[in-house]
file protein_35.cif (mmCIF, N, CA and C atoms)
data_protein
loop_
_atom_site.group_PDB
_atom_site.id
_atom_site.type_symbol
_atom_site.label_atom_id
_atom_site.label_comp_id
_atom_site.auth_asym_id
_atom_site.auth_seq_id
_atom_site.Cartn_x
_atom_site.Cartn_y
_atom_site.Cartn_z
ATOM 1 N N MET A 859 356.136 29.458 296.516
ATOM 2 C CA MET A 859 355.881 28.136 295.955
ATOM 3 C C MET A 859 355.381 28.306 294.530
ATOM 4 N N ASN A 860 355.977 27.604 293.620
ATOM 5 C CA ASN A 860 355.539 27.651 292.226
ATOM 6 C C ASN A 860 354.505 26.557 291.982
ATOM 7 N N TRP A 861 353.349 26.974 291.552
ATOM 8 C CA TRP A 861 352.280 26.013 291.263
ATOM 9 C C TRP A 861 352.385 25.580 289.810
ATOM 10 N N THR A 862 352.394 24.287 289.610
ATOM 11 C CA THR A 862 352.321 23.774 288.245
ATOM 12 C C THR A 862 350.851 23.499 287.935
ATOM 13 N N LEU A 863 350.549 23.290 286.700
ATOM 14 C CA LEU A 863 349.164 23.050 286.306
ATOM 15 C C LEU A 863 348.619 21.786 286.948
ATOM 16 N N GLU A 864 349.441 20.772 287.063
ATOM 17 C CA GLU A 864 348.987 19.518 287.670
ATOM 18 C C GLU A 864 348.659 19.698 289.156
ATOM 19 N N GLU A 865 349.468 20.503 289.850
ATOM 20 C CA GLU A 865 349.219 20.748 291.268
ATOM 21 C C GLU A 865 347.999 21.634 291.482
ATOM 22 N N PHE A 866 347.734 22.492 290.538
ATOM 23 C CA PHE A 866 346.636 23.451 290.677
ATOM 24 C C PHE A 866 345.315 22.887 290.174
ATOM 25 N N ALA A 867 345.344 21.847 289.368
ATOM 26 C CA ALA A 867 344.128 21.333 288.739
ATOM 27 C C ALA A 867 343.160 20.759 289.767
ATOM 28 N N PHE A 868 343.652 19.967 290.719
ATOM 29 C CA PHE A 868 342.735 19.347 291.684
ATOM 30 C C PHE A 868 342.042 20.375 292.578
ATOM 31 N N PRO A 869 342.757 21.332 293.192
ATOM 32 C CA PRO A 869 342.046 22.345 293.992
ATOM 33 C C PRO A 869 341.065 23.164 293.154
ATOM 34 N N LEU A 870 341.425 23.441 291.917
ATOM 35 C CA LEU A 870 340.531 24.186 291.046
ATOM 36 C C LEU A 870 339.279 23.372 290.735
ATOM 37 N N TYR A 871 339.456 22.096 290.466
ATOM 38 C CA TYR A 871 338.323 21.205 290.209
ATOM 39 C C TYR A 871 337.433 21.099 291.450
ATOM 40 N N LEU A 872 338.050 20.958 292.611
ATOM 41 C CA LEU A 872 337.310 20.859 293.862
ATOM 42 C C LEU A 872 336.505 22.139 294.121
ATOM 43 N N ALA A 873 337.115 23.282 293.903
ATOM 44 C CA ALA A 873 336.417 24.553 294.097
ATOM 45 C C ALA A 873 335.264 24.696 293.111
ATOM 46 N N PHE A 874 335.474 24.267 291.888
ATOM 47 C CA PHE A 874 334.413 24.330 290.882
ATOM 48 C C PHE A 874 333.225 23.460 291.295
ATOM 49 N N CYS A 875 333.515 22.232 291.756
ATOM 50 C CA CYS A 875 332.439 21.327 292.183
ATOM 51 C C CYS A 875 331.690 21.887 293.378
ATOM 52 N N MET A 876 332.405 22.441 294.344
ATOM 53 C CA MET A 876 331.754 23.015 295.521
ATOM 54 C C MET A 876 330.887 24.208 295.137
ATOM 55 N N GLY A 877 331.372 25.012 294.210
ATOM 56 C CA GLY A 877 330.577 26.144 293.740
ATOM 57 C C GLY A 877 329.315 25.689 293.025
ATOM 58 N N PHE A 878 329.442 24.643 292.232
ATOM 59 C CA PHE A 878 328.289 24.110 291.517
ATOM 60 C C PHE A 878 327.245 23.567 292.496
ATOM 61 N N VAL A 879 327.707 22.848 293.520
ATOM 62 C CA VAL A 879 326.795 22.300 294.527
ATOM 63 C C VAL A 879 326.112 23.437 295.286
ATOM 64 N N ALA A 880 326.848 24.492 295.605
ATOM 65 C CA ALA A 880 326.260 25.630 296.314
ATOM 66 C C ALA A 880 325.204 26.310 295.455
ATOM 67 N N LEU A 881 325.483 26.499 294.176
ATOM 68 C CA LEU A 881 324.500 27.121 293.285
ATOM 69 C C LEU A 881 323.258 26.251 293.127
ATOM 70 N N ALA A 882 323.459 24.932 293.033
ATOM 71 C CA ALA A 882 322.325 24.027 292.914
ATOM 72 C C ALA A 882 321.463 24.081 294.181
ATOM 73 N N GLY A 883 322.092 24.155 295.336
ATOM 74 C CA GLY A 883 321.356 24.263 296.593
ATOM 75 C C GLY A 883 320.568 25.549 296.677
ATOM 76 N N MET A 884 321.182 26.654 296.250
ATOM 77 C CA MET A 884 320.474 27.938 296.272
ATOM 78 C C MET A 884 319.307 27.918 295.288
ATOM 79 N N TRP A 885 319.499 27.314 294.124
ATOM 80 C CA TRP A 885 318.436 27.216 293.132
ATOM 81 C C TRP A 885 317.255 26.422 293.689
ATOM 82 N N ARG A 886 317.561 25.337 294.398
ATOM 83 C CA ARG A 886 316.510 24.510 295.003
ATOM 84 C C ARG A 886 315.752 25.300 296.063
ATOM 85 N N MET A 887 316.476 26.072 296.873
ATOM 86 C CA MET A 887 315.821 26.870 297.909
ATOM 87 C C MET A 887 314.917 27.934 297.288
ATOM 88 N N VAL A 888 315.353 28.535 296.193
ATOM 89 C CA VAL A 888 314.522 29.535 295.514
ATOM 90 C C VAL A 888 313.252 28.889 294.985
ATOM 91 N N LYS A 889 313.378 27.700 294.399
ATOM 92 C CA LYS A 889 312.194 27.009 293.883
ATOM 93 C C LYS A 889 311.233 26.660 295.016
ATOM 94 N N LEU A 890 311.756 26.171 296.137
ATOM 95 C CA LEU A 890 310.902 25.827 297.270
ATOM 96 C C LEU A 890 310.219 27.065 297.846
ATOM 97 N N GLU A 891 310.938 28.187 297.906
ATOM 98 C CA GLU A 891 310.341 29.423 298.422
ATOM 99 C C GLU A 891 309.228 29.917 297.499
ATOM 100 N N LYS A 892 309.446 29.842 296.195
ATOM 101 C CA LYS A 892 308.391 30.233 295.246
ATOM 102 C C LYS A 892 307.171 29.346 295.414
ATOM 103 N N GLN A 893 307.391 28.042 295.588
ATOM 104 C CA GLN A 893 306.279 27.108 295.769
ATOM 105 C C GLN A 893 305.531 27.411 297.058
ATOM 106 N N ARG A 894 306.256 27.729 298.127
ATOM 107 C CA ARG A 894 305.621 28.046 299.407
ATOM 108 C C ARG A 894 304.776 29.316 299.298
ATOM 109 N N LEU A 895 305.317 30.334 298.636
ATOM 110 C CA LEU A 895 304.568 31.578 298.470
ATOM 111 C C LEU A 895 303.323 31.366 297.620
ATOM 112 N N LEU A 896 303.432 30.535 296.584
ATOM 113 C CA LEU A 896 302.277 30.250 295.748
ATOM 114 C C LEU A 896 301.202 29.530 296.546
ATOM 115 N N CYS A 897 301.613 28.576 297.394
ATOM 116 C CA CYS A 897 300.647 27.865 298.237
ATOM 117 C C CYS A 897 299.960 28.828 299.198
ATOM 118 N N GLU A 898 300.713 29.735 299.800
ATOM 119 C CA GLU A 898 300.116 30.717 300.702
ATOM 120 C C GLU A 898 299.107 31.590 299.959
ATOM 121 N N LEU A 899 299.436 31.980 298.743
ATOM 122 C CA LEU A 899 298.530 32.808 297.952
ATOM 123 C C LEU A 899 297.242 32.064 297.641
ATOM 124 N N VAL A 900 297.346 30.796 297.273
ATOM 125 C CA VAL A 900 296.161 29.995 296.953
ATOM 126 C C VAL A 900 295.283 29.831 298.200
ATOM 127 N N VAL A 901 295.901 29.556 299.338
ATOM 128 C CA VAL A 901 295.138 29.390 300.578
ATOM 129 C C VAL A 901 294.446 30.693 300.956
ATOM 130 N N ALA A 902 295.145 31.810 300.845
ATOM 131 C CA ALA A 902 294.549 33.101 301.192
ATOM 132 C C ALA A 902 293.377 33.420 300.264
ATOM 133 N N GLN A 903 293.521 33.138 298.986
ATOM 134 C CA GLN A 903 292.452 33.401 298.037
ATOM 135 C C GLN A 903 291.254 32.498 298.331
ATOM 136 N N SER A 904 291.504 31.256 298.679
ATOM 137 C CA SER A 904 290.424 30.327 299.007
ATOM 138 C C SER A 904 289.680 30.784 300.261
ATOM 139 N N GLU A 905 290.420 31.220 301.272
ATOM 140 C CA GLU A 905 289.786 31.714 302.497
ATOM 141 C C GLU A 905 288.962 32.966 302.218
ATOM 142 N N GLU A 906 289.463 33.823 301.343
ATOM 143 C CA GLU A 906 288.731 35.043 300.988
ATOM 144 C C GLU A 906 287.426 34.692 300.276
ATOM 145 N N GLU A 907 287.474 33.747 299.354
ATOM 146 C CA GLU A 907 286.257 33.331 298.648
ATOM 147 C C GLU A 907 285.249 32.705 299.616
ATOM 148 N N THR A 908 285.737 31.925 300.565
ATOM 149 C CA THR A 908 284.853 31.307 301.552
ATOM 150 C C THR A 908 284.187 32.376 302.411
ATOM 151 N N ALA A 909 284.947 33.382 302.817
ATOM 152 C CA ALA A 909 284.386 34.469 303.622
ATOM 153 C C ALA A 909 283.330 35.238 302.828
ATOM 154 N N GLU A 910 283.602 35.472 301.542
ATOM 155 C CA GLU A 910 282.623 36.181 300.705
ATOM 156 C C GLU A 910 281.337 35.373 300.559
ATOM 157 N N LYS A 911 281.456 34.068 300.386
ATOM 158 C CA LYS A 911 280.268 33.212 300.269
ATOM 159 C C LYS A 911 279.451 33.249 301.548
ATOM 160 N N LYS A 912 280.126 33.233 302.705
ATOM 161 C CA LYS A 912 279.427 33.285 303.987
ATOM 162 C C LYS A 912 278.706 34.625 304.148
ATOM 163 N N GLU A 913 279.361 35.710 303.731
ATOM 164 C CA GLU A 913 278.735 37.033 303.823
ATOM 165 C C GLU A 913 277.512 37.110 302.932
ATOM 166 N N LYS A 914 277.606 36.579 301.729
ATOM 167 C CA LYS A 914 276.454 36.592 300.812
ATOM 168 C C LYS A 914 275.317 35.745 301.364
ATOM 169 N N ALA A 915 275.665 34.597 301.956
ATOM 170 C CA ALA A 915 274.640 33.727 302.513
ATOM 171 C C ALA A 915 273.968 34.379 303.716
ATOM 172 N N ALA A 916 274.728 35.112 304.509
ATOM 173 C CA ALA A 916 274.161 35.779 305.667
ATOM 174 C C ALA A 916 273.335 36.978 305.249
ATOM 175 N N ALA A 917 273.676 37.627 304.150
ATOM 176 C CA ALA A 917 272.947 38.830 303.703
ATOM 177 C C ALA A 917 271.649 38.463 302.984
ATOM 178 N N SER A 918 271.623 37.321 302.320
ATOM 179 C CA SER A 918 270.409 36.947 301.593
ATOM 180 C C SER A 918 269.370 36.380 302.574
ATOM 181 N N PRO A 919 268.103 36.730 302.374
ATOM 182 C CA PRO A 919 267.076 36.231 303.279
ATOM 183 C C PRO A 919 266.843 34.731 303.073
ATOM 184 N N PRO A 920 266.595 34.004 304.131
ATOM 185 C CA PRO A 920 266.337 32.567 303.981
ATOM 186 C C PRO A 920 265.017 32.306 303.293
ATOM 187 N N MET A 921 264.938 31.235 302.561
ATOM 188 C CA MET A 921 263.696 30.917 301.845
ATOM 189 C C MET A 921 262.875 29.899 302.568
#

call {"tool": "encode", "arguments": {"input": "protein_35.cif", "output": "structure tokens"}}
result
Amino acid sequence: MNWTLEEFAFPLYLAFCMGFVALAGMWRMVKLEKQRLLCELVVAQSEEETAEKKEKAAASPPM
């Protein structure tokens, strides 16, 4: 089958659009994963600071 430019343009356009949508979806997932990891890091750091404060409070004599 001989493909002319007119016959090939629509499938090529469709493939380009699907590829663009796939890349946009992957980009969104990467951003969400980075945000999730950052939130986990902040929570872990906050819990660590809270534990340190409790240890200091338990080690210091009451007044």

call {"tool": "atom_distance", "arguments": {"input": "protein_35.cif", "atom1": "CA of Ala902 in chain A", "atom2": "atom C of Ala916 in chain A"}}
result
21.9 Å

call {"tool": "atom_distance", "arguments": {"input": "protein_35.cif", "atom1": "CA of Leu895 in chain A", "atom2": "CA of Gly883 in chain A"}}
result
18.4 Å

call {"tool": "axis_aligned_box", "arguments": {"input": "protein_35.cif", "around": "range 900-907 of chain A", "padding_each_side": "8 Å", "output": "AutoDock Vina command-line options"}}
result
--center_x 291.3 --center_y 32.2 --center_z 299.7 --size_x 28.1 --size_y 21.7 --size_z 21.5

call {"tool": "atom_distance", "arguments": {"input": "protein_35.cif", "atom1": "atom C of Glu913 in chain A", "atom2": "atom C of Leu896 in chain A"}}
result
25.7 Å

call {"tool": "decode", "arguments": {"input": "protein_35.cif", "residues": "range 884-900 of chain A", "atoms": "all heavy atoms", "output": "short mmCIF file (atom, residue, chain, number, x, y, z; two decimals), in the first residue's frame"}}
result
data_model
loop_
_atom_site.label_atom_id
_atom_site.label_comp_id
_atom_site.auth_asym_id
_atom_site.auth_seq_id
_atom_site.Cartn_x
_atom_site.Cartn_y
_atom_site.Cartn_z
N MET A 884 3.13 11.27 32.70
CA MET A 884 4.34 10.84 33.43
C MET A 884 4.94 12.02 34.20
O MET A 884 5.40 11.86 35.33
CB MET A 884 5.37 10.25 32.45
CG MET A 884 4.94 8.91 31.93
SD MET A 884 6.07 8.06 30.79
CE MET A 884 7.42 9.11 30.53
N TRP A 885 4.94 13.20 33.60
CA TRP A 885 5.46 14.39 34.27
C TRP A 885 4.66 14.69 35.53
O TRP A 885 5.21 15.00 36.58
CB TRP A 885 5.42 15.58 33.31
CG TRP A 885 5.89 16.86 33.92
CD1 TRP A 885 5.12 17.90 34.33
CD2 TRP A 885 7.24 17.24 34.19
NE1 TRP A 885 5.90 18.90 34.85
CE2 TRP A 885 7.21 18.51 34.77
CE3 TRP A 885 8.47 16.61 34.01
CZ2 TRP A 885 8.36 19.18 35.16
CZ3 TRP A 885 9.62 17.28 34.39
CH2 TRP A 885 9.55 18.54 34.96
N ARG A 886 3.34 14.55 35.44
CA ARG A 886 2.47 14.79 36.60
C ARG A 886 2.76 13.77 37.70
O ARG A 886 2.81 14.12 38.88
CB ARG A 886 1.01 14.70 36.16
CG ARG A 886 0.03 15.13 37.23
CD ARG A 886 -1.38 15.11 36.67
NE ARG A 886 -2.36 15.69 37.55
CZ ARG A 886 -2.83 15.13 38.66
NH1 ARG A 886 -2.37 13.97 39.03
NH2 ARG A 886 -3.74 15.73 39.39
N MET A 887 2.95 12.51 37.32
CA MET A 887 3.24 11.48 38.31
C MET A 887 4.58 11.74 39.00
O MET A 887 4.71 11.55 40.20
CB MET A 887 3.25 10.09 37.67
CG MET A 887 1.89 9.63 37.19
SD MET A 887 0.65 9.57 38.48
CE MET A 887 1.29 8.29 39.50
N VAL A 888 5.57 12.21 38.25
CA VAL A 888 6.87 12.53 38.84
C VAL A 888 6.72 13.67 39.83
O VAL A 888 7.29 13.63 40.94
CB VAL A 888 7.90 12.87 37.74
CG1 VAL A 888 9.14 13.51 38.32
CG2 VAL A 888 8.27 11.62 36.95
N LYS A 889 5.95 14.69 39.47
CA LYS A 889 5.75 15.82 40.38
C LYS A 889 5.03 15.36 41.65
O LYS A 889 5.40 15.78 42.76
CB LYS A 889 4.94 16.92 39.70
CG LYS A 889 5.75 17.73 38.71
CD LYS A 889 4.92 18.73 37.95
CE LYS A 889 4.12 19.63 38.85
NZ LYS A 889 3.33 20.62 38.12
N LEU A 890 4.01 14.53 41.52
CA LEU A 890 3.28 14.04 42.69
C LEU A 890 4.18 13.17 43.57
O LEU A 890 4.11 13.25 44.80
CB LEU A 890 2.05 13.23 42.25
CG LEU A 890 0.90 14.05 41.68
CD1 LEU A 890 -0.18 13.12 41.14
CD2 LEU A 890 0.32 14.98 42.73
N GLU A 891 5.03 12.35 42.96
CA GLU A 891 5.94 11.51 43.75
C GLU A 891 6.96 12.37 44.50
O GLU A 891 7.25 12.11 45.67
CB GLU A 891 6.66 10.52 42.82
CG GLU A 891 7.59 9.56 43.53
CD GLU A 891 6.88 8.57 44.44
OE1 GLU A 891 5.65 8.44 44.34
OE2 GLU A 891 7.56 7.94 45.24
N LYS A 892 7.48 13.40 43.86
CA LYS A 892 8.41 14.31 44.55
C LYS A 892 7.72 14.99 45.72
O LYS A 892 8.29 15.12 46.80
CB LYS A 892 8.94 15.37 43.59
CG LYS A 892 10.01 14.87 42.65
CD LYS A 892 10.53 16.02 41.80
CE LYS A 892 11.60 15.56 40.84
NZ LYS A 892 12.09 16.65 40.00
N GLN A 893 6.47 15.41 45.52
CA GLN A 893 5.72 16.07 46.59
C GLN A 893 5.47 15.10 47.74
O GLN A 893 5.59 15.46 48.90
CB GLN A 893 4.40 16.59 46.04
CG GLN A 893 3.59 17.39 47.04
CD GLN A 893 2.31 17.93 46.43
OE1 GLN A 893 1.99 17.63 45.29
NE2 GLN A 893 1.59 18.72 47.19
N ARG A 894 5.15 13.85 47.43
CA ARG A 894 4.90 12.85 48.46
C ARG A 894 6.17 12.58 49.27
O ARG A 894 6.13 12.52 50.51
CB ARG A 894 4.40 11.55 47.83
CG ARG A 894 3.99 10.50 48.85
CD ARG A 894 3.66 9.19 48.16
NE ARG A 894 4.81 8.57 47.56
CZ ARG A 894 5.72 7.85 48.24
NH1 ARG A 894 5.60 7.68 49.54
NH2 ARG A 894 6.74 7.30 47.61
N LEU A 895 7.30 12.45 48.58
CA LEU A 895 8.56 12.21 49.28
C LEU A 895 8.94 13.40 50.16
O LEU A 895 9.44 13.21 51.27
CB LEU A 895 9.68 11.91 48.27
CG LEU A 895 9.55 10.58 47.55
CD1 LEU A 895 10.62 10.48 46.47
CD2 LEU A 895 9.66 9.43 48.51
N LEU A 896 8.69 14.61 49.68
CA LEU A 896 8.99 15.79 50.47
C LEU A 896 8.13 15.83 51.72
O LEU A 896 8.61 16.14 52.82
CB LEU A 896 8.78 17.05 49.64
CG LEU A 896 9.13 18.37 50.32
CD1 LEU A 896 10.59 18.41 50.70
CD2 LEU A 896 8.78 19.53 49.41
N CYS A 897 6.84 15.48 51.58
CA CYS A 897 5.95 15.44 52.75
C CYS A 897 6.42 14.40 53.75
O CYS A 897 6.42 14.65 54.96
CB CYS A 897 4.52 15.13 52.32
SG CYS A 897 3.72 16.51 51.49
N GLU A 898 6.83 13.23 53.28
CA GLU A 898 7.34 12.20 54.19
C GLU A 898 8.58 12.69 54.92
O GLU A 898 8.75 12.43 56.12
CB GLU A 898 7.67 10.93 53.42
CG GLU A 898 6.47 10.12 53.04
CD GLU A 898 6.85 8.81 52.38
OE1 GLU A 898 8.06 8.47 52.36
OE2 GLU A 898 5.95 8.12 51.88
N LEU A 899 9.45 13.39 54.22
CA LEU A 899 10.67 13.91 54.84
C LEU A 899 10.34 14.93 55.92
O LEU A 899 10.91 14.90 57.02
CB LEU A 899 11.56 14.54 53.78
CG LEU A 899 12.91 15.08 54.23
CD1 LEU A 899 13.79 13.95 54.73
CD2 LEU A 899 13.59 15.81 53.09
N VAL A 900 9.39 15.81 55.65
CA VAL A 900 9.00 16.84 56.62
C VAL A 900 8.39 16.17 57.86
O VAL A 900 8.69 16.55 58.99
CB VAL A 900 8.03 17.85 55.98
CG1 VAL A 900 7.40 18.74 57.03
CG2 VAL A 900 8.76 18.69 54.94
#
